[in-house]
Amino acid sequence: MNKNQHIYWAKVEHGEWSLYIAATEKGLAFVGSNHHPIDELAQWAARRKPGYVLVQDAARLAPYAKEIIEYLQGERQQFSVAHDLSGTPFQQAVWQALQQIPYGQTASYSDIAAHINNSAAVRAVGAAIGANPLLLTIPCHRVVGKDGKLTGYRGGLPMKTELLKLEKTSVKRSAVHV
């Protein structure tokens, strides 16, 4: 099998965080939920990349892991690594909009729908966000209900809460050091 049919994976562990990440030759393709088993990655690969073979390769994933750890330490606000995102044009538009939400801030599903010029598509926006394979790096954790309450998240609400807290703490800490 040629290497273009491989999904390389590694486990990233930092403090209380433990998650699986995966990449293809094109870039980061999957970031898993905190403390979820590798089955989450295997199921995603079977659905989204049928025919690909999972290959453990921590060295190949090191640049991705480095940026994720920097983020988890509150030292990185944006990711620079390449992505390999497969999705419909609508999903792609939603995922692009998610990347426009500033670090440490939140937006509602309605805000995202308006951003992509489809205000009536709030439920579809929610579905596209739920299909986001790149937790952390495509910041779907920054999307909340219109009333500001936390809503569903593939990684679970405790993970979403921790990510939002991490970002708010980092923003406050950087404001003090300015």
# chains A, B, ... in the order shown; residues from 1 in each chain; ligands from 1
call {"tool": "residues_around", "arguments": {"residues": "Asp111 (chain A)", "least_positions_apart": "6", "cutoff": "12 Å", "atoms": "only C-alpha atoms", "output": "list in words"}}
result
Val94, Ala97, Leu98, Gln100, Ile101, Asn117, Asn118, Ser119, Ala120, Ala121, Val122, Val125, Gly126, Arg142, Val143, Val144, Gly145, Lys146, Asp147 and Gly148 of chain A
call {"tool": "write_last_selection", "arguments": {"atoms": "C-alpha atoms", "output": "PDB file, in the first residue's frame"}}
result
ATOM      1  CA  VAL A  94     -18.510  26.488   8.895  1.00  0.00           C
ATOM      2  CA  ALA A  97     -15.868  30.511  10.259  1.00  0.00           C
ATOM      3  CA  LEU A  98     -14.869  28.730  13.486  1.00  0.00           C
ATOM      4  CA  GLN A 100     -12.327  33.374  12.823  1.00  0.00           C
ATOM      5  CA  ILE A 101     -13.531  33.278  16.451  1.00  0.00           C
ATOM      6  CA  ASN A 117     -24.422  34.251   5.001  1.00  0.00           C
ATOM      7  CA  ASN A 118     -26.987  31.576   5.814  1.00  0.00           C
ATOM      8  CA  SER A 119     -28.852  32.798   8.895  1.00  0.00           C
ATOM      9  CA  ALA A 120     -31.585  30.165   8.515  1.00  0.00           C
ATOM     10  CA  ALA A 121     -29.083  27.291   8.757  1.00  0.00           C
ATOM     11  CA  VAL A 122     -28.482  27.328  12.521  1.00  0.00           C
ATOM     12  CA  VAL A 125     -24.320  24.779  11.428  1.00  0.00           C
ATOM     13  CA  GLY A 126     -24.638  22.720  14.613  1.00  0.00           C
ATOM     14  CA  ARG A 142     -15.755  28.445  21.307  1.00  0.00           C
ATOM     15  CA  VAL A 143     -19.341  28.029  20.084  1.00  0.00           C
ATOM     16  CA  VAL A 144     -22.054  28.424  22.706  1.00  0.00           C
ATOM     17  CA  GLY A 145     -25.823  28.755  22.730  1.00  0.00           C
ATOM     18  CA  LYS A 146     -27.419  32.097  21.914  1.00  0.00           C
ATOM     19  CA  ASP A 147     -28.011  32.571  25.655  1.00  0.00           C
ATOM     20  CA  GLY A 148     -24.297  32.007  26.339  1.00  0.00           C
TER      21      GLY A 148
END
call {"tool": "residues_around", "arguments": {"residues": "Ala82 (chain A)", "least_positions_apart": "6", "cutoff": "9 Å", "atoms": "only C-alpha atoms", "output": "list in words"}}
result
Lys26, Gly27, Leu28 and Tyr64 of chain A
call {"tool": "write_last_selection", "arguments": {"atoms": "N, CA and C atoms", "output": "mmCIF file, in the first residue's frame"}}
result
data_model
loop_
_atom_site.group_PDB
_atom_site.id
_atom_site.type_symbol
_atom_site.label_atom_id
_atom_site.label_comp_id
_atom_site.auth_asym_id
_atom_site.auth_seq_id
_atom_site.Cartn_x
_atom_site.Cartn_y
_atom_site.Cartn_z
ATOM 1 N N LYS A 26 -1.050 15.080 3.826
ATOM 2 C CA LYS A 26 -1.467 16.465 3.584
ATOM 3 C C LYS A 26 -1.472 17.329 4.845
ATOM 4 N N GLY A 27 -1.655 16.704 6.011
ATOM 5 C CA GLY A 27 -1.706 17.491 7.234
ATOM 6 C C GLY A 27 -2.543 16.842 8.325
ATOM 7 N N LEU A 28 -2.720 17.587 9.411
ATOM 8 C CA LEU A 28 -3.474 17.109 10.561
ATOM 9 C C LEU A 28 -4.908 16.816 10.136
ATOM 10 N N TYR A 64 2.841 18.461 15.107
ATOM 11 C CA TYR A 64 1.445 18.677 15.489
ATOM 12 C C TYR A 64 1.308 18.619 17.013
#
call {"tool": "select_by_dssp", "arguments": {"residues": "region 47-79 of chain A", "states": "strand (DSSP E)", "output": "PyMOL selection string"}}
result
chain A and resi 53-56
call {"tool": "write_last_selection", "arguments": {"atoms": "all heavy atoms", "output": "PDB file, in the first residue's frame"}}
result
ATOM      1  N   VAL A  53      -4.862   2.971   6.202  1.00  0.00           N
ATOM      2  CA  VAL A  53      -4.315   2.142   7.264  1.00  0.00           C
ATOM      3  C   VAL A  53      -3.755   3.046   8.361  1.00  0.00           C
ATOM      4  O   VAL A  53      -3.027   3.998   8.069  1.00  0.00           O
ATOM      5  CB  VAL A  53      -3.191   1.229   6.708  1.00  0.00           C
ATOM      6  CG1 VAL A  53      -2.528   0.432   7.821  1.00  0.00           C
ATOM      7  CG2 VAL A  53      -3.734   0.319   5.629  1.00  0.00           C
ATOM      8  N   LEU A  54      -4.106   2.757   9.603  1.00  0.00           N
ATOM      9  CA  LEU A  54      -3.576   3.516  10.742  1.00  0.00           C
ATOM     10  C   LEU A  54      -2.171   3.031  11.061  1.00  0.00           C
ATOM     11  O   LEU A  54      -1.945   1.831  11.218  1.00  0.00           O
ATOM     12  CB  LEU A  54      -4.474   3.351  11.968  1.00  0.00           C
ATOM     13  CG  LEU A  54      -5.828   4.058  11.907  1.00  0.00           C
ATOM     14  CD1 LEU A  54      -6.717   3.624  13.072  1.00  0.00           C
ATOM     15  CD2 LEU A  54      -5.643   5.559  11.910  1.00  0.00           C
ATOM     16  N   VAL A  55      -1.234   3.968  11.150  1.00  0.00           N
ATOM     17  CA  VAL A  55       0.164   3.647  11.426  1.00  0.00           C
ATOM     18  C   VAL A  55       0.638   4.548  12.565  1.00  0.00           C
ATOM     19  O   VAL A  55       0.601   5.774  12.442  1.00  0.00           O
ATOM     20  CB  VAL A  55       1.049   3.891  10.177  1.00  0.00           C
ATOM     21  CG1 VAL A  55       2.516   3.626  10.484  1.00  0.00           C
ATOM     22  CG2 VAL A  55       0.568   3.063   8.998  1.00  0.00           C
ATOM     23  N   GLN A  56       1.091   3.947  13.653  1.00  0.00           N
ATOM     24  CA  GLN A  56       1.601   4.741  14.771  1.00  0.00           C
ATOM     25  C   GLN A  56       2.956   5.324  14.382  1.00  0.00           C
ATOM     26  O   GLN A  56       3.835   4.609  13.911  1.00  0.00           O
ATOM     27  CB  GLN A  56       1.735   3.891  16.022  1.00  0.00           C
ATOM     28  CG  GLN A  56       2.124   4.697  17.242  1.00  0.00           C
ATOM     29  CD  GLN A  56       2.117   3.868  18.516  1.00  0.00           C
ATOM     30  OE1 GLN A  56       1.993   2.654  18.497  1.00  0.00           O
ATOM     31  NE2 GLN A  56       2.268   4.541  19.638  1.00  0.00           N
TER      32      GLN A  56
END
call {"tool": "closest_residue", "arguments": {"among": "A:His6, A:Lys66, A:Arg47, A:Arg76", "to": "Ala131 (chain A)", "atoms": "only C-alpha atoms"}}
result
A:Arg47
call {"tool": "select_by_dssp", "arguments": {"residues": "region 7-120 of chain A", "states": "alpha helix (DSSP H)", "output": "compact mmCIF listing (two decimals) with all heavy atoms, in the first residue's frame"}}
result
# COMPACT_ATOMS: atom_id res chain seq x y z
N ASP A 39 -10.21 3.95 20.02
CA ASP A 39 -11.39 3.57 19.23
C ASP A 39 -12.05 4.79 18.58
O ASP A 39 -12.59 4.69 17.48
CB ASP A 39 -12.43 2.85 20.10
CG ASP A 39 -11.94 1.51 20.61
OD1 ASP A 39 -10.88 1.04 20.15
OD2 ASP A 39 -12.61 0.94 21.47
N GLU A 40 -12.01 5.94 19.25
CA GLU A 40 -12.58 7.16 18.68
C GLU A 40 -11.90 7.48 17.35
O GLU A 40 -12.55 7.78 16.35
CB GLU A 40 -12.44 8.32 19.66
CG GLU A 40 -13.02 9.63 19.14
CD GLU A 40 -12.71 10.82 20.04
OE1 GLU A 40 -11.67 10.82 20.75
OE2 GLU A 40 -13.50 11.78 20.02
N LEU A 41 -10.58 7.39 17.32
CA LEU A 41 -9.80 7.62 16.10
C LEU A 41 -10.10 6.54 15.05
O LEU A 41 -10.33 6.84 13.89
CB LEU A 41 -8.31 7.65 16.41
CG LEU A 41 -7.34 7.58 15.24
CD1 LEU A 41 -7.54 8.72 14.26
CD2 LEU A 41 -5.90 7.55 15.74
N ALA A 42 -10.12 5.29 15.47
CA ALA A 42 -10.35 4.17 14.54
C ALA A 42 -11.73 4.29 13.88
O ALA A 42 -11.87 4.07 12.67
CB ALA A 42 -10.20 2.84 15.26
N GLN A 43 -12.73 4.67 14.66
CA GLN A 43 -14.09 4.81 14.11
C GLN A 43 -14.15 5.98 13.13
O GLN A 43 -14.77 5.88 12.07
CB GLN A 43 -15.10 4.98 15.23
CG GLN A 43 -15.30 3.71 16.03
CD GLN A 43 -16.08 3.94 17.32
OE1 GLN A 43 -16.57 5.02 17.59
NE2 GLN A 43 -16.15 2.90 18.13
N TRP A 44 -13.49 7.10 13.47
CA TRP A 44 -13.46 8.24 12.56
C TRP A 44 -12.78 7.82 11.25
O TRP A 44 -13.28 8.12 10.16
CB TRP A 44 -12.71 9.42 13.20
CG TRP A 44 -12.40 10.48 12.21
CD1 TRP A 44 -13.22 11.48 11.77
CD2 TRP A 44 -11.19 10.62 11.46
NE1 TRP A 44 -12.59 12.24 10.81
CE2 TRP A 44 -11.34 11.73 10.60
CE3 TRP A 44 -9.98 9.92 11.43
CZ2 TRP A 44 -10.34 12.15 9.73
CZ3 TRP A 44 -8.98 10.33 10.57
CH2 TRP A 44 -9.17 11.43 9.73
N ALA A 45 -11.64 7.14 11.34
CA ALA A 45 -10.90 6.74 10.14
C ALA A 45 -11.74 5.80 9.27
O ALA A 45 -11.75 5.95 8.04
CB ALA A 45 -9.59 6.07 10.54
N ALA A 46 -12.43 4.86 9.89
CA ALA A 46 -13.25 3.93 9.12
C ALA A 46 -14.37 4.66 8.37
O ALA A 46 -14.69 4.30 7.23
CB ALA A 46 -13.84 2.87 10.05
N ARG A 47 -14.95 5.68 8.99
CA ARG A 47 -16.04 6.45 8.36
C ARG A 47 -15.53 7.44 7.32
O ARG A 47 -16.09 7.57 6.25
CB ARG A 47 -16.82 7.23 9.42
CG ARG A 47 -17.96 6.50 10.05
CD ARG A 47 -18.87 7.40 10.88
NE ARG A 47 -18.23 8.53 11.54
CZ ARG A 47 -17.68 8.52 12.75
NH1 ARG A 47 -17.67 7.41 13.45
NH2 ARG A 47 -17.14 9.60 13.26
N ARG A 48 -14.47 8.19 7.66
CA ARG A 48 -14.04 9.31 6.84
C ARG A 48 -12.90 9.00 5.88
O ARG A 48 -12.70 9.72 4.91
CB ARG A 48 -13.62 10.49 7.73
CG ARG A 48 -14.72 11.01 8.59
CD ARG A 48 -15.77 11.67 7.75
NE ARG A 48 -16.86 12.13 8.58
CZ ARG A 48 -18.05 12.44 8.12
NH1 ARG A 48 -18.31 12.34 6.84
NH2 ARG A 48 -18.99 12.85 8.94
N ALA A 58 4.96 8.54 16.18
CA ALA A 58 5.09 9.72 17.03
C ALA A 58 6.05 10.75 16.43
O ALA A 58 5.81 11.95 16.55
CB ALA A 58 5.54 9.31 18.43
N ALA A 59 7.09 10.30 15.78
CA ALA A 59 8.06 11.24 15.20
C ALA A 59 7.41 12.08 14.10
O ALA A 59 7.61 13.30 14.04
CB ALA A 59 9.27 10.48 14.64
N ARG A 60 6.63 11.46 13.26
CA ARG A 60 5.95 12.18 12.17
C ARG A 60 4.92 13.16 12.73
O ARG A 60 4.67 14.21 12.15
CB ARG A 60 5.27 11.19 11.23
CG ARG A 60 4.67 11.85 10.00
CD ARG A 60 3.98 10.81 9.13
NE ARG A 60 4.90 9.91 8.50
CZ ARG A 60 5.38 10.04 7.26
NH1 ARG A 60 5.00 11.04 6.51
NH2 ARG A 60 6.21 9.16 6.76
N LEU A 61 4.32 12.83 13.87
CA LEU A 61 3.28 13.68 14.46
C LEU A 61 3.85 14.72 15.42
O LEU A 61 3.12 15.56 15.94
CB LEU A 61 2.25 12.81 15.20
CG LEU A 61 1.13 12.18 14.36
CD1 LEU A 61 0.08 13.17 13.99
CD2 LEU A 61 1.58 11.37 13.22
N ALA A 62 5.16 14.71 15.64
CA ALA A 62 5.79 15.61 16.61
C ALA A 62 5.48 17.09 16.37
O ALA A 62 5.18 17.82 17.33
CB ALA A 62 7.30 15.37 16.67
N PRO A 63 5.52 17.60 15.13
CA PRO A 63 5.20 19.03 14.94
C PRO A 63 3.77 19.38 15.35
O PRO A 63 3.52 20.45 15.90
CB PRO A 63 5.40 19.26 13.43
CG PRO A 63 6.25 18.12 12.97
CD PRO A 63 5.94 16.97 13.88
N TYR A 64 2.84 18.46 15.11
CA TYR A 64 1.44 18.68 15.49
C TYR A 64 1.31 18.62 17.01
O TYR A 64 0.65 19.46 17.62
CB TYR A 64 0.54 17.63 14.85
CG TYR A 64 0.68 17.55 13.35
CD1 TYR A 64 1.32 16.47 12.74
CD2 TYR A 64 0.17 18.56 12.53
CE1 TYR A 64 1.44 16.40 11.35
CE2 TYR A 64 0.29 18.49 11.15
CZ TYR A 64 0.93 17.41 10.57
OH TYR A 64 1.06 17.34 9.20
N ALA A 65 1.94 17.61 17.60
CA ALA A 65 1.89 17.45 19.06
C ALA A 65 2.50 18.67 19.75
O ALA A 65 1.96 19.15 20.77
CB ALA A 65 2.62 16.18 19.48
N LYS A 66 3.58 19.19 19.21
CA LYS A 66 4.25 20.37 19.80
C LYS A 66 3.28 21.55 19.87
O LYS A 66 3.16 22.20 20.90
CB LYS A 66 5.48 20.72 18.97
CG LYS A 66 6.24 21.95 19.46
CD LYS A 66 7.43 22.25 18.54
CE LYS A 66 8.27 23.40 19.00
NZ LYS A 66 7.64 24.71 18.82
N GLU A 67 2.58 21.83 18.78
CA GLU A 67 1.66 22.96 18.77
C GLU A 67 0.47 22.73 19.71
O GLU A 67 0.01 23.65 20.38
CB GLU A 67 1.18 23.27 17.35
CG GLU A 67 2.27 23.91 16.52
CD GLU A 67 1.76 24.66 15.30
OE1 GLU A 67 0.53 24.85 15.16
OE2 GLU A 67 2.61 25.08 14.49
N ILE A 68 -0.01 21.50 19.77
CA ILE A 68 -1.13 21.20 20.68
C ILE A 68 -0.69 21.36 22.13
O ILE A 68 -1.41 21.96 22.95
CB ILE A 68 -1.69 19.78 20.40
CG1 ILE A 68 -2.46 19.83 19.07
CG2 ILE A 68 -2.58 19.30 21.54
CD1 ILE A 68 -2.89 18.50 18.53
N ILE A 69 0.51 20.91 22.48
CA ILE A 69 1.01 21.07 23.85
C ILE A 69 1.22 22.56 24.16
O ILE A 69 0.86 23.02 25.24
CB ILE A 69 2.29 20.25 24.06
CG1 ILE A 69 1.94 18.76 24.09
CG2 ILE A 69 3.01 20.66 25.35
CD1 ILE A 69 3.12 17.82 24.04
N GLU A 70 1.74 23.31 23.21
CA GLU A 70 1.89 24.75 23.42
C GLU A 70 0.53 25.40 23.69
O GLU A 70 0.40 26.27 24.55
CB GLU A 70 2.57 25.41 22.21
CG GLU A 70 4.02 25.05 22.07
CD GLU A 70 4.63 25.50 20.74
OE1 GLU A 70 3.88 25.97 19.83
OE2 GLU A 70 5.86 25.36 20.59
N TYR A 71 -0.49 24.97 22.95
CA TYR A 71 -1.84 25.48 23.17
C TYR A 71 -2.32 25.12 24.58
O TYR A 71 -2.84 25.97 25.31
CB TYR A 71 -2.81 24.92 22.11
CG TYR A 71 -4.24 25.20 22.44
CD1 TYR A 71 -4.82 26.44 22.13
CD2 TYR A 71 -5.03 24.26 23.09
CE1 TYR A 71 -6.12 26.72 22.47
CE2 TYR A 71 -6.34 24.54 23.43
CZ TYR A 71 -6.88 25.77 23.12
OH TYR A 71 -8.18 26.04 23.46
N LEU A 72 -2.13 23.86 24.96
CA LEU A 72 -2.59 23.40 26.28
C LEU A 72 -1.84 24.09 27.43
O LEU A 72 -2.35 24.17 28.54
CB LEU A 72 -2.45 21.87 26.39
CG LEU A 72 -3.37 21.08 25.45
CD1 LEU A 72 -3.01 19.60 25.50
CD2 LEU A 72 -4.84 21.33 25.77
N PRO A 89 -18.85 21.35 1.08
CA PRO A 89 -18.58 22.79 1.01
C PRO A 89 -19.20 23.56 2.19
O PRO A 89 -18.59 24.49 2.71
CB PRO A 89 -19.19 23.21 -0.34
CG PRO A 89 -19.09 21.98 -1.18
CD PRO A 89 -19.36 20.84 -0.22
N PHE A 90 -20.40 23.14 2.61
CA PHE A 90 -21.04 23.80 3.75
C PHE A 90 -20.22 23.59 5.02
O PHE A 90 -19.95 24.53 5.77
CB PHE A 90 -22.47 23.26 3.95
CG PHE A 90 -23.20 23.93 5.08
CD1 PHE A 90 -23.84 25.15 4.88
CD2 PHE A 90 -23.25 23.35 6.34
CE1 PHE A 90 -24.50 25.79 5.92
CE2 PHE A 90 -23.91 23.97 7.39
CZ PHE A 90 -24.53 25.19 7.18
N GLN A 91 -19.80 22.34 5.27
CA GLN A 91 -18.97 22.06 6.45
C GLN A 91 -17.69 22.87 6.40
O GLN A 91 -17.27 23.45 7.39
CB GLN A 91 -18.64 20.56 6.53
CG GLN A 91 -19.81 19.72 6.93
CD GLN A 91 -19.50 18.23 6.83
OE1 GLN A 91 -18.73 17.79 5.96
NE2 GLN A 91 -20.12 17.44 7.70
N GLN A 92 -17.06 22.92 5.23
CA GLN A 92 -15.82 23.67 5.08
C GLN A 92 -16.03 25.14 5.43
O GLN A 92 -15.20 25.77 6.10
CB GLN A 92 -15.28 23.54 3.65
CG GLN A 92 -14.87 22.13 3.27
CD GLN A 92 -13.52 21.71 3.80
OE1 GLN A 92 -12.75 22.51 4.31
NE2 GLN A 92 -13.21 20.44 3.68
N ALA A 93 -17.16 25.71 4.99
CA ALA A 93 -17.46 27.11 5.29
C ALA A 93 -17.63 27.32 6.79
O ALA A 93 -17.12 28.30 7.36
CB ALA A 93 -18.72 27.56 4.55
N VAL A 94 -18.32 26.40 7.44
CA VAL A 94 -18.51 26.49 8.90
C VAL A 94 -17.16 26.37 9.60
O VAL A 94 -16.86 27.16 10.50
CB VAL A 94 -19.51 25.42 9.39
CG1 VAL A 94 -19.52 25.34 10.92
CG2 VAL A 94 -20.91 25.71 8.87
N TRP A 95 -16.34 25.42 9.19
CA TRP A 95 -15.04 25.23 9.85
C TRP A 95 -14.14 26.44 9.65
O TRP A 95 -13.38 26.80 10.54
CB TRP A 95 -14.39 23.94 9.37
CG TRP A 95 -15.20 22.70 9.69
CD1 TRP A 95 -16.14 22.57 10.68
CD2 TRP A 95 -15.16 21.45 9.02
NE1 TRP A 95 -16.68 21.31 10.67
CE2 TRP A 95 -16.10 20.59 9.65
CE3 TRP A 95 -14.43 20.96 7.95
CZ2 TRP A 95 -16.31 19.28 9.24
CZ3 TRP A 95 -14.65 19.65 7.55
CH2 TRP A 95 -15.57 18.82 8.19
N GLN A 96 -14.24 27.06 8.48
CA GLN A 96 -13.49 28.31 8.24
C GLN A 96 -13.97 29.40 9.19
O GLN A 96 -13.17 30.15 9.75
CB GLN A 96 -13.66 28.78 6.79
CG GLN A 96 -12.76 28.09 5.81
CD GLN A 96 -11.31 28.52 5.98
OE1 GLN A 96 -10.98 29.49 6.64
NE2 GLN A 96 -10.42 27.76 5.38
N ALA A 97 -15.29 29.49 9.36
CA ALA A 97 -15.87 30.51 10.26
C ALA A 97 -15.42 30.28 11.70
O ALA A 97 -15.14 31.25 12.43
CB ALA A 97 -17.39 30.50 10.16
N LEU A 98 -15.32 29.03 12.12
CA LEU A 98 -14.87 28.73 13.49
C LEU A 98 -13.47 29.28 13.73
O LEU A 98 -13.16 29.76 14.82
CB LEU A 98 -14.87 27.22 13.73
CG LEU A 98 -16.22 26.52 13.72
CD1 LEU A 98 -16.02 25.01 13.90
CD2 LEU A 98 -17.14 27.06 14.79
N TYR A 109 -24.16 29.76 17.63
CA TYR A 109 -24.45 29.07 16.38
C TYR A 109 -25.06 30.06 15.38
O TYR A 109 -24.74 30.02 14.19
CB TYR A 109 -25.42 27.89 16.62
CG TYR A 109 -24.81 26.80 17.45
CD1 TYR A 109 -24.90 26.82 18.83
CD2 TYR A 109 -24.13 25.75 16.85
CE1 TYR A 109 -24.33 25.82 19.61
CE2 TYR A 109 -23.56 24.74 17.61
CZ TYR A 109 -23.65 24.78 18.99
OH TYR A 109 -23.08 23.79 19.75
N SER A 110 -25.90 30.96 15.87
CA SER A 110 -26.51 31.98 15.01
C SER A 110 -25.44 32.89 14.43
O SER A 110 -25.53 33.29 13.26
CB SER A 110 -27.50 32.84 15.80
OG SER A 110 -28.51 32.03 16.35
N ASP A 111 -24.43 33.24 15.24
CA ASP A 111 -23.34 34.07 14.74
C ASP A 111 -22.61 33.39 13.58
O ASP A 111 -22.27 34.02 12.59
CB ASP A 111 -22.32 34.37 15.85
CG ASP A 111 -22.86 35.22 16.98
OD1 ASP A 111 -23.83 35.98 16.77
OD2 ASP A 111 -22.32 35.10 18.11
N ILE A 112 -22.38 32.10 13.74
CA ILE A 112 -21.67 31.34 12.69
C ILE A 112 -22.53 31.28 11.43
O ILE A 112 -22.04 31.50 10.31
CB ILE A 112 -21.29 29.93 13.17
CG1 ILE A 112 -20.37 30.00 14.39
CG2 ILE A 112 -20.65 29.11 12.04
CD1 ILE A 112 -19.06 30.73 14.18
N ALA A 113 -23.83 31.02 11.59
CA ALA A 113 -24.74 30.98 10.44
C ALA A 113 -24.73 32.32 9.71
O ALA A 113 -24.68 32.37 8.48
CB ALA A 113 -26.15 30.60 10.89
N ALA A 114 -24.77 33.41 10.46
CA ALA A 114 -24.73 34.74 9.85
C ALA A 114 -23.40 34.98 9.14
O ALA A 114 -23.36 35.54 8.05
CB ALA A 114 -24.98 35.82 10.91
N HIS A 115 -22.31 34.52 9.77
CA HIS A 115 -20.98 34.71 9.19
C HIS A 115 -20.86 34.05 7.81
O HIS A 115 -20.16 34.56 6.94
CB HIS A 115 -19.92 34.15 10.15
CG HIS A 115 -18.52 34.39 9.70
ND1 HIS A 115 -17.86 35.57 9.92
CD2 HIS A 115 -17.64 33.60 9.01
CE1 HIS A 115 -16.64 35.50 9.40
NE2 HIS A 115 -16.49 34.30 8.85
call {"tool": "closest_residue", "arguments": {"among": "A:Gln77, A:Ala107, A:Leu85, A:Ile38", "to": "Glu25 (chain A)", "atoms": "only C-alpha atoms"}}
result
A:Leu85
call {"tool": "decode", "arguments": {"residues": "region 108-114 of chain A", "atoms": "all heavy atoms", "output": "PDB file, in the first residue's frame"}}
result
ATOM      1  N   SER A 108     -22.049  32.393  18.983  1.00  0.00           N
ATOM      2  CA  SER A 108     -23.204  31.487  19.003  1.00  0.00           C
ATOM      3  C   SER A 108     -23.333  30.789  17.648  1.00  0.00           C
ATOM      4  O   SER A 108     -22.730  31.200  16.653  1.00  0.00           O
ATOM      5  CB  SER A 108     -24.482  32.273  19.312  1.00  0.00           C
ATOM      6  OG  SER A 108     -24.819  33.100  18.208  1.00  0.00           O
ATOM      7  N   TYR A 109     -24.161  29.760  17.630  1.00  0.00           N
ATOM      8  CA  TYR A 109     -24.450  29.067  16.376  1.00  0.00           C
ATOM      9  C   TYR A 109     -25.055  30.057  15.378  1.00  0.00           C
ATOM     10  O   TYR A 109     -24.739  30.019  14.190  1.00  0.00           O
ATOM     11  CB  TYR A 109     -25.416  27.895  16.620  1.00  0.00           C
ATOM     12  CG  TYR A 109     -24.809  26.802  17.454  1.00  0.00           C
ATOM     13  CD1 TYR A 109     -24.896  26.821  18.834  1.00  0.00           C
ATOM     14  CD2 TYR A 109     -24.126  25.750  16.848  1.00  0.00           C
ATOM     15  CE1 TYR A 109     -24.331  25.823  19.608  1.00  0.00           C
ATOM     16  CE2 TYR A 109     -23.556  24.741  17.610  1.00  0.00           C
ATOM     17  CZ  TYR A 109     -23.655  24.784  18.991  1.00  0.00           C
ATOM     18  OH  TYR A 109     -23.083  23.793  19.746  1.00  0.00           O
ATOM     19  N   SER A 110     -25.902  30.957  15.873  1.00  0.00           N
ATOM     20  CA  SER A 110     -26.510  31.983  15.014  1.00  0.00           C
ATOM     21  C   SER A 110     -25.442  32.892  14.427  1.00  0.00           C
ATOM     22  O   SER A 110     -25.532  33.292  13.257  1.00  0.00           O
ATOM     23  CB  SER A 110     -27.503  32.838  15.801  1.00  0.00           C
ATOM     24  OG  SER A 110     -28.508  32.034  16.346  1.00  0.00           O
ATOM     25  N   ASP A 111     -24.434  33.240  15.236  1.00  0.00           N
ATOM     26  CA  ASP A 111     -23.336  34.073  14.741  1.00  0.00           C
ATOM     27  C   ASP A 111     -22.609  33.386  13.584  1.00  0.00           C
ATOM     28  O   ASP A 111     -22.272  34.022  12.587  1.00  0.00           O
ATOM     29  CB  ASP A 111     -22.317  34.369  15.847  1.00  0.00           C
ATOM     30  CG  ASP A 111     -22.862  35.215  16.984  1.00  0.00           C
ATOM     31  OD1 ASP A 111     -23.833  35.975  16.765  1.00  0.00           O
ATOM     32  OD2 ASP A 111     -22.318  35.099  18.106  1.00  0.00           O
ATOM     33  N   ILE A 112     -22.379  32.098  13.740  1.00  0.00           N
ATOM     34  CA  ILE A 112     -21.673  31.344  12.689  1.00  0.00           C
ATOM     35  C   ILE A 112     -22.534  31.284  11.433  1.00  0.00           C
ATOM     36  O   ILE A 112     -22.039  31.496  10.315  1.00  0.00           O
ATOM     37  CB  ILE A 112     -21.290  29.926  13.166  1.00  0.00           C
ATOM     38  CG1 ILE A 112     -20.370  29.995  14.393  1.00  0.00           C
ATOM     39  CG2 ILE A 112     -20.653  29.115  12.044  1.00  0.00           C
ATOM     40  CD1 ILE A 112     -19.064  30.730  14.183  1.00  0.00           C
ATOM     41  N   ALA A 113     -23.833  31.024  11.592  1.00  0.00           N
ATOM     42  CA  ALA A 113     -24.741  30.979  10.442  1.00  0.00           C
ATOM     43  C   ALA A 113     -24.734  32.320   9.713  1.00  0.00           C
ATOM     44  O   ALA A 113     -24.679  32.367   8.481  1.00  0.00           O
ATOM     45  CB  ALA A 113     -26.149  30.597  10.895  1.00  0.00           C
ATOM     46  N   ALA A 114     -24.768  33.409  10.462  1.00  0.00           N
ATOM     47  CA  ALA A 114     -24.734  34.742   9.852  1.00  0.00           C
ATOM     48  C   ALA A 114     -23.396  34.978   9.142  1.00  0.00           C
ATOM     49  O   ALA A 114     -23.356  35.541   8.048  1.00  0.00           O
ATOM     50  CB  ALA A 114     -24.980  35.815  10.908  1.00  0.00           C
TER      51      ALA A 114
END
